[in-house]
Amino acid sequence: MKTLNNNFEKYFPKENTIVMLHAHADDESFLSAGIINEFIMRNYSILLIYLATSLVVGEEKTSIRQKELFQALELLGVKNVEFLKYCEPKYAENGKPLHQQAIQEVSDEIKRVIQKKGIKNYILFSYDKNGGYGNKDHLIVHKAGRLLFKNSPTLRSLFEVTIPREIYLDWFSKKEGENSKKYLPKLNYWSTEFGLEKKEINYLYSLNFIQVDKKRNALSKHESQIKKDEFPLALRDNDFQKLFGKEYFVCVGRSLV
């Protein structure tokens with residue numbers, strides 16, 4: 001597993017725009033807050049596209065979540081954000097759920113945003129083949145990212161954000177029974193094949209202490225989703241560092257440095 005911190009600008013040449021696909025408000029803070037902040041600190045051009053975070057008429061919580069998201073992104077330094085017209089499954093009555101859409105349509109919508117922004121060459125971030133932890137919307141993000149990679153000649157490389165399964169399982173086994181259930185994630189919501197095995201992951205980014213603090217603070221902005229006395233905000237500093245002090249990626253299709 002290679003460390004992206006070494007030769008960062010060789011892995012991510014600055015002539016490319018960084019385009020990140022996320023499903024929901026708070027996914028950016030869980031999965032990629034550290035590397036997002038690194039791109040900002042190095043003055044990269046970066047665009048975040050949210051696929052299932054649209055405003056839904058009559059559903060006040062969608063506007064609350066967008067408001068929280070902008071607070072988190074302000075903390076990370078992100079200003080360039082776009083939302084597709086899709087929403088989460090629970091808003092199916094009034095909205096357009098992402099997981100029910102054709103992958104080609106979603107991919108085309110992402111392309112339209114990228115073209116509207118005048119982006120030529122870019123590096124794309126999406127999700128691993130298991131959608132992180134099996135979330136239906138996350139699986140669409142993965143599939144749309146793969147289709148874009150296949151059909152977009154100016155897409156220079158694709159990085160899929162993931163979770164190292166063995167590291168998490170080892171941590172869960174050590175903490176089970178030691179702490180309240182609130183200290184652990186709601187594992188019944190996760191698939192048994194969450195994330196990827198370490199042998200499938202080829203890159204990691206190590207957060208510095210400032211970025212770890214920013215990540216925790218960014219997560220805390222999503223108050224409607226993440227309670228302060230629950231995972232992961234309830235974690236002691238050493239446990240938070242263990243699970244969130246590194247971010248993991250699979251680079252698809254092309255070898256880098």
# chains A, B, ... in the order shown; residues from 1 in each chain; ligands from 1
$ residues_around --residues "A:Thr3" --least-positions-apart "5" --cutoff "9 Å" --atoms "only C-alpha atoms" --output "number ranges by chain"
A: 8, 202-206
$ residues_around --residues "stretch 38-42 of chain A" --least-positions-apart "3" --cutoff "8 Å" --atoms "only C-alpha atoms" --output "MDAnalysis selection string"
chainID A and resid 34:35 45:46 76:78
$ write_last_selection --atoms "N, CA and C atoms" --output "compact mmCIF listing (two decimals), in the first residue's frame"
# COMPACT_ATOMS: atom_id res chain seq x y z
N GLY A 34 -9.80 14.56 5.14
CA GLY A 34 -8.37 14.84 5.21
C GLY A 34 -7.77 15.20 3.87
N ILE A 35 -8.03 14.36 2.88
CA ILE A 35 -7.44 14.61 1.57
C ILE A 35 -8.11 15.81 0.89
N SER A 45 -7.74 23.07 -7.81
CA SER A 45 -9.12 23.29 -8.21
C SER A 45 -9.91 22.02 -7.88
N ILE A 46 -10.92 22.14 -7.03
CA ILE A 46 -11.65 20.96 -6.58
C ILE A 46 -13.16 21.21 -6.62
N LEU A 76 -13.65 22.82 5.98
CA LEU A 76 -12.63 22.14 5.18
C LEU A 76 -12.03 23.04 4.10
N GLY A 77 -12.73 24.15 3.80
CA GLY A 77 -12.22 25.10 2.82
C GLY A 77 -12.80 24.94 1.43
N VAL A 78 -13.85 24.14 1.28
CA VAL A 78 -14.44 23.86 -0.04
C VAL A 78 -15.51 24.90 -0.39
$ closest_residue --among "A:Phe125, A:Phe159, A:Tyr183, A:Tyr91" --to "A:Lys227" --atoms "only C-alpha atoms"
A:Tyr183
$ atom_distance --atom1 "atom CA of A:Ala144" --atom2 "atom CA of A:Val106"
6.5 Å
$ residues_around --residues "stretch 228-241 of chain A" --least-positions-apart "6" --cutoff "8 Å" --atoms "only C-alpha atoms" --output "list in words"
Lys182, Tyr183, Leu184, Pro185, Val212, Arg216, Leu219 and Ser220 of chain A
$ residues_around --residues "A:Tyr133" --least-positions-apart "6" --cutoff "7 Å" --atoms "only C-alpha atoms" --output "number ranges by chain"
A: 190-191, 194-195
$ write_last_selection --atoms "N, CA and C atoms" --output "PDB file, in the first residue's frame"
ATOM      1  N   TRP A 190     -24.658  -1.988   8.156  1.00  0.00           N
ATOM      2  CA  TRP A 190     -23.532  -2.245   7.264  1.00  0.00           C
ATOM      3  C   TRP A 190     -23.662  -3.627   6.645  1.00  0.00           C
ATOM      4  N   SER A 191     -23.181  -3.789   5.418  1.00  0.00           N
ATOM      5  CA  SER A 191     -23.115  -5.117   4.811  1.00  0.00           C
ATOM      6  C   SER A 191     -21.973  -5.903   5.453  1.00  0.00           C
ATOM      7  N   PHE A 194     -18.369  -5.100   4.003  1.00  0.00           N
ATOM      8  CA  PHE A 194     -18.129  -3.662   3.905  1.00  0.00           C
ATOM      9  C   PHE A 194     -16.673  -3.383   3.559  1.00  0.00           C
ATOM     10  N   GLY A 195     -16.458  -2.239   2.888  1.00  0.00           N
ATOM     11  CA  GLY A 195     -15.106  -1.842   2.520  1.00  0.00           C
ATOM     12  C   GLY A 195     -14.406  -2.874   1.667  1.00  0.00           C
TER      13      GLY A 195
END
$ closest_residue --among "A:His22, A:Lys215, A:Lys14, A:Lys242" --to "A:Trp171" --atoms "only C-alpha atoms"
A:Lys242
$ closest_residue --among "A:Glu74, A:Ile18, A:Lys186, A:Pro13" --to "A:Phe172" --atoms "only C-alpha atoms"
A:Lys186
$ residues_around --residues "A:Glu59" --least-positions-apart "4" --cutoff "10 Å" --atoms "only C-alpha atoms" --output "ChimeraX atom specification"
/A:55,63-64,91,94-95
$ atom_distance --atom1 "atom CA of A:Asn37" --atom2 "atom CA of A:Ile167"
23.8 Å
$ residues_around --residues "A:Val56" --least-positions-apart "2" --cutoff "10 Å" --atoms "only C-alpha atoms" --output "list in words"
Thr53, Ser54, Gly58, Glu59, Glu60, Lys61, Thr62, Ser63, Lys85, Tyr86, Cys87, Glu88, Tyr91, Ala92, Glu93, Asn94, Gly95 and Lys96 of chain A
$ residues_around --residues "A:Ala102" --least-positions-apart "5" --cutoff "12 Å" --atoms "only C-alpha atoms" --output "short mmCIF file (atom, residue, chain, number, x, y, z; two decimals) with C-alpha atoms, in the first residue's frame"
data_model
loop_
_atom_site.label_atom_id
_atom_site.label_comp_id
_atom_site.auth_asym_id
_atom_site.auth_seq_id
_atom_site.Cartn_x
_atom_site.Cartn_y
_atom_site.Cartn_z
CA TYR A 86 -31.64 12.88 -6.87
CA LYS A 96 -36.35 11.16 -7.27
CA PRO A 97 -34.37 8.45 -5.40
CA SER A 107 -23.30 9.39 -15.39
CA ASP A 108 -24.63 11.77 -18.04
CA GLU A 109 -25.84 14.18 -15.34
CA ILE A 140 -24.69 3.96 -7.59
CA VAL A 141 -21.81 6.38 -6.93
CA LYS A 143 -21.07 2.40 -10.78
CA ALA A 144 -21.38 5.94 -12.12
CA LEU A 147 -18.82 4.36 -16.27
#
$ decode --residues "stretch 130-163 of chain A" --atoms "N, CA and C atoms" --output "PDB file, in the first residue's frame"
ATOM      1  N   ASN A 130     -18.153  -2.050  -3.011  1.00  0.00           N
ATOM      2  CA  ASN A 130     -19.141  -2.390  -1.988  1.00  0.00           C
ATOM      3  C   ASN A 130     -19.865  -1.153  -1.460  1.00  0.00           C
ATOM      4  N   GLY A 131     -19.601  -0.028  -2.094  1.00  0.00           N
ATOM      5  CA  GLY A 131     -20.255   1.196  -1.645  1.00  0.00           C
ATOM      6  C   GLY A 131     -19.903   1.571  -0.227  1.00  0.00           C
ATOM      7  N   GLY A 132     -18.684   1.262   0.183  1.00  0.00           N
ATOM      8  CA  GLY A 132     -18.266   1.536   1.557  1.00  0.00           C
ATOM      9  C   GLY A 132     -18.809   0.503   2.507  1.00  0.00           C
ATOM     10  N   TYR A 133     -20.100   0.601   2.784  1.00  0.00           N
ATOM     11  CA  TYR A 133     -20.717  -0.358   3.708  1.00  0.00           C
ATOM     12  C   TYR A 133     -22.026  -0.923   3.167  1.00  0.00           C
ATOM     13  N   GLY A 134     -22.191  -0.889   1.837  1.00  0.00           N
ATOM     14  CA  GLY A 134     -23.347  -1.530   1.214  1.00  0.00           C
ATOM     15  C   GLY A 134     -24.535  -0.629   0.968  1.00  0.00           C
ATOM     16  N   ASN A 135     -24.419   0.653   1.259  1.00  0.00           N
ATOM     17  CA  ASN A 135     -25.514   1.590   1.040  1.00  0.00           C
ATOM     18  C   ASN A 135     -25.896   1.634  -0.443  1.00  0.00           C
ATOM     19  N   LYS A 136     -27.198   1.587  -0.728  1.00  0.00           N
ATOM     20  CA  LYS A 136     -27.671   1.544  -2.121  1.00  0.00           C
ATOM     21  C   LYS A 136     -27.215   2.751  -2.930  1.00  0.00           C
ATOM     22  N   ASP A 137     -27.296   3.916  -2.329  1.00  0.00           N
ATOM     23  CA  ASP A 137     -26.875   5.127  -3.036  1.00  0.00           C
ATOM     24  C   ASP A 137     -25.367   5.118  -3.294  1.00  0.00           C
ATOM     25  N   HIS A 138     -24.614   4.596  -2.335  1.00  0.00           N
ATOM     26  CA  HIS A 138     -23.158   4.516  -2.505  1.00  0.00           C
ATOM     27  C   HIS A 138     -22.780   3.593  -3.659  1.00  0.00           C
ATOM     28  N   LEU A 139     -23.550   2.533  -3.825  1.00  0.00           N
ATOM     29  CA  LEU A 139     -23.285   1.608  -4.942  1.00  0.00           C
ATOM     30  C   LEU A 139     -23.494   2.294  -6.288  1.00  0.00           C
ATOM     31  N   ILE A 140     -24.463   3.199  -6.354  1.00  0.00           N
ATOM     32  CA  ILE A 140     -24.686   3.964  -7.588  1.00  0.00           C
ATOM     33  C   ILE A 140     -23.505   4.907  -7.846  1.00  0.00           C
ATOM     34  N   VAL A 141     -22.989   5.521  -6.784  1.00  0.00           N
ATOM     35  CA  VAL A 141     -21.808   6.383  -6.928  1.00  0.00           C
ATOM     36  C   VAL A 141     -20.655   5.587  -7.531  1.00  0.00           C
ATOM     37  N   HIS A 142     -20.448   4.364  -7.016  1.00  0.00           N
ATOM     38  CA  HIS A 142     -19.382   3.495  -7.550  1.00  0.00           C
ATOM     39  C   HIS A 142     -19.597   3.210  -9.037  1.00  0.00           C
ATOM     40  N   LYS A 143     -20.789   2.791  -9.391  1.00  0.00           N
ATOM     41  CA  LYS A 143     -21.067   2.401 -10.778  1.00  0.00           C
ATOM     42  C   LYS A 143     -20.976   3.595 -11.728  1.00  0.00           C
ATOM     43  N   ALA A 144     -21.465   4.740 -11.281  1.00  0.00           N
ATOM     44  CA  ALA A 144     -21.377   5.938 -12.122  1.00  0.00           C
ATOM     45  C   ALA A 144     -19.920   6.344 -12.323  1.00  0.00           C
ATOM     46  N   GLY A 145     -19.112   6.220 -11.274  1.00  0.00           N
ATOM     47  CA  GLY A 145     -17.688   6.543 -11.387  1.00  0.00           C
ATOM     48  C   GLY A 145     -16.986   5.640 -12.386  1.00  0.00           C
ATOM     49  N   ARG A 146     -17.305   4.351 -12.337  1.00  0.00           N
ATOM     50  CA  ARG A 146     -16.691   3.407 -13.270  1.00  0.00           C
ATOM     51  C   ARG A 146     -17.097   3.710 -14.717  1.00  0.00           C
ATOM     52  N   LEU A 147     -18.359   4.065 -14.912  1.00  0.00           N
ATOM     53  CA  LEU A 147     -18.821   4.364 -16.267  1.00  0.00           C
ATOM     54  C   LEU A 147     -18.158   5.628 -16.803  1.00  0.00           C
ATOM     55  N   LEU A 148     -18.019   6.622 -15.959  1.00  0.00           N
ATOM     56  CA  LEU A 148     -17.317   7.834 -16.364  1.00  0.00           C
ATOM     57  C   LEU A 148     -15.872   7.527 -16.735  1.00  0.00           C
ATOM     58  N   PHE A 149     -15.233   6.691 -15.940  1.00  0.00           N
ATOM     59  CA  PHE A 149     -13.835   6.330 -16.201  1.00  0.00           C
ATOM     60  C   PHE A 149     -13.703   5.623 -17.547  1.00  0.00           C
ATOM     61  N   LYS A 150     -14.675   4.810 -17.873  1.00  0.00           N
ATOM     62  CA  LYS A 150     -14.656   4.049 -19.121  1.00  0.00           C
ATOM     63  C   LYS A 150     -14.873   4.944 -20.337  1.00  0.00           C
ATOM     64  N   ASN A 151     -15.722   5.968 -20.187  1.00  0.00           N
ATOM     65  CA  ASN A 151     -16.186   6.723 -21.352  1.00  0.00           C
ATOM     66  C   ASN A 151     -15.700   8.170 -21.429  1.00  0.00           C
ATOM     67  N   SER A 152     -14.860   8.591 -20.501  1.00  0.00           N
ATOM     68  CA  SER A 152     -14.418   9.985 -20.486  1.00  0.00           C
ATOM     69  C   SER A 152     -12.914  10.071 -20.750  1.00  0.00           C
ATOM     70  N   PRO A 153     -12.502  10.420 -21.941  1.00  0.00           N
ATOM     71  CA  PRO A 153     -11.079  10.435 -22.291  1.00  0.00           C
ATOM     72  C   PRO A 153     -10.265  11.467 -21.525  1.00  0.00           C
ATOM     73  N   THR A 154     -10.899  12.515 -20.987  1.00  0.00           N
ATOM     74  CA  THR A 154     -10.146  13.523 -20.238  1.00  0.00           C
ATOM     75  C   THR A 154     -10.098  13.209 -18.742  1.00  0.00           C
ATOM     76  N   LEU A 155     -10.680  12.077 -18.342  1.00  0.00           N
ATOM     77  CA  LEU A 155     -10.583  11.622 -16.948  1.00  0.00           C
ATOM     78  C   LEU A 155      -9.252  10.886 -16.808  1.00  0.00           C
ATOM     79  N   ARG A 156      -8.314  11.467 -16.087  1.00  0.00           N
ATOM     80  CA  ARG A 156      -6.937  10.967 -16.053  1.00  0.00           C
ATOM     81  C   ARG A 156      -6.752   9.766 -15.136  1.00  0.00           C
ATOM     82  N   SER A 157      -7.444   9.754 -14.006  1.00  0.00           N
ATOM     83  CA  SER A 157      -7.354   8.603 -13.107  1.00  0.00           C
ATOM     84  C   SER A 157      -8.567   8.594 -12.182  1.00  0.00           C
ATOM     85  N   LEU A 158      -8.889   7.413 -11.667  1.00  0.00           N
ATOM     86  CA  LEU A 158     -10.041   7.224 -10.793  1.00  0.00           C
ATOM     87  C   LEU A 158      -9.567   6.642  -9.466  1.00  0.00           C
ATOM     88  N   PHE A 159      -9.892   7.332  -8.381  1.00  0.00           N
ATOM     89  CA  PHE A 159      -9.613   6.841  -7.038  1.00  0.00           C
ATOM     90  C   PHE A 159     -10.939   6.514  -6.358  1.00  0.00           C
ATOM     91  N   GLU A 160     -11.044   5.297  -5.835  1.00  0.00           N
ATOM     92  CA  GLU A 160     -12.258   4.900  -5.128  1.00  0.00           C
ATOM     93  C   GLU A 160     -11.985   4.867  -3.627  1.00  0.00           C
ATOM     94  N   VAL A 161     -12.757   5.655  -2.883  1.00  0.00           N
ATOM     95  CA  VAL A 161     -12.610   5.716  -1.433  1.00  0.00           C
ATOM     96  C   VAL A 161     -13.124   4.414  -0.820  1.00  0.00           C
ATOM     97  N   THR A 162     -12.412   3.914   0.182  1.00  0.00           N
ATOM     98  CA  THR A 162     -12.830   2.649   0.784  1.00  0.00           C
ATOM     99  C   THR A 162     -12.544   2.626   2.282  1.00  0.00           C
ATOM    100  N   ILE A 163     -12.915   1.525   2.918  1.00  0.00           N
ATOM    101  CA  ILE A 163     -12.681   1.284   4.343  1.00  0.00           C
ATOM    102  C   ILE A 163     -11.903  -0.021   4.461  1.00  0.00           C
TER     103      ILE A 163
END
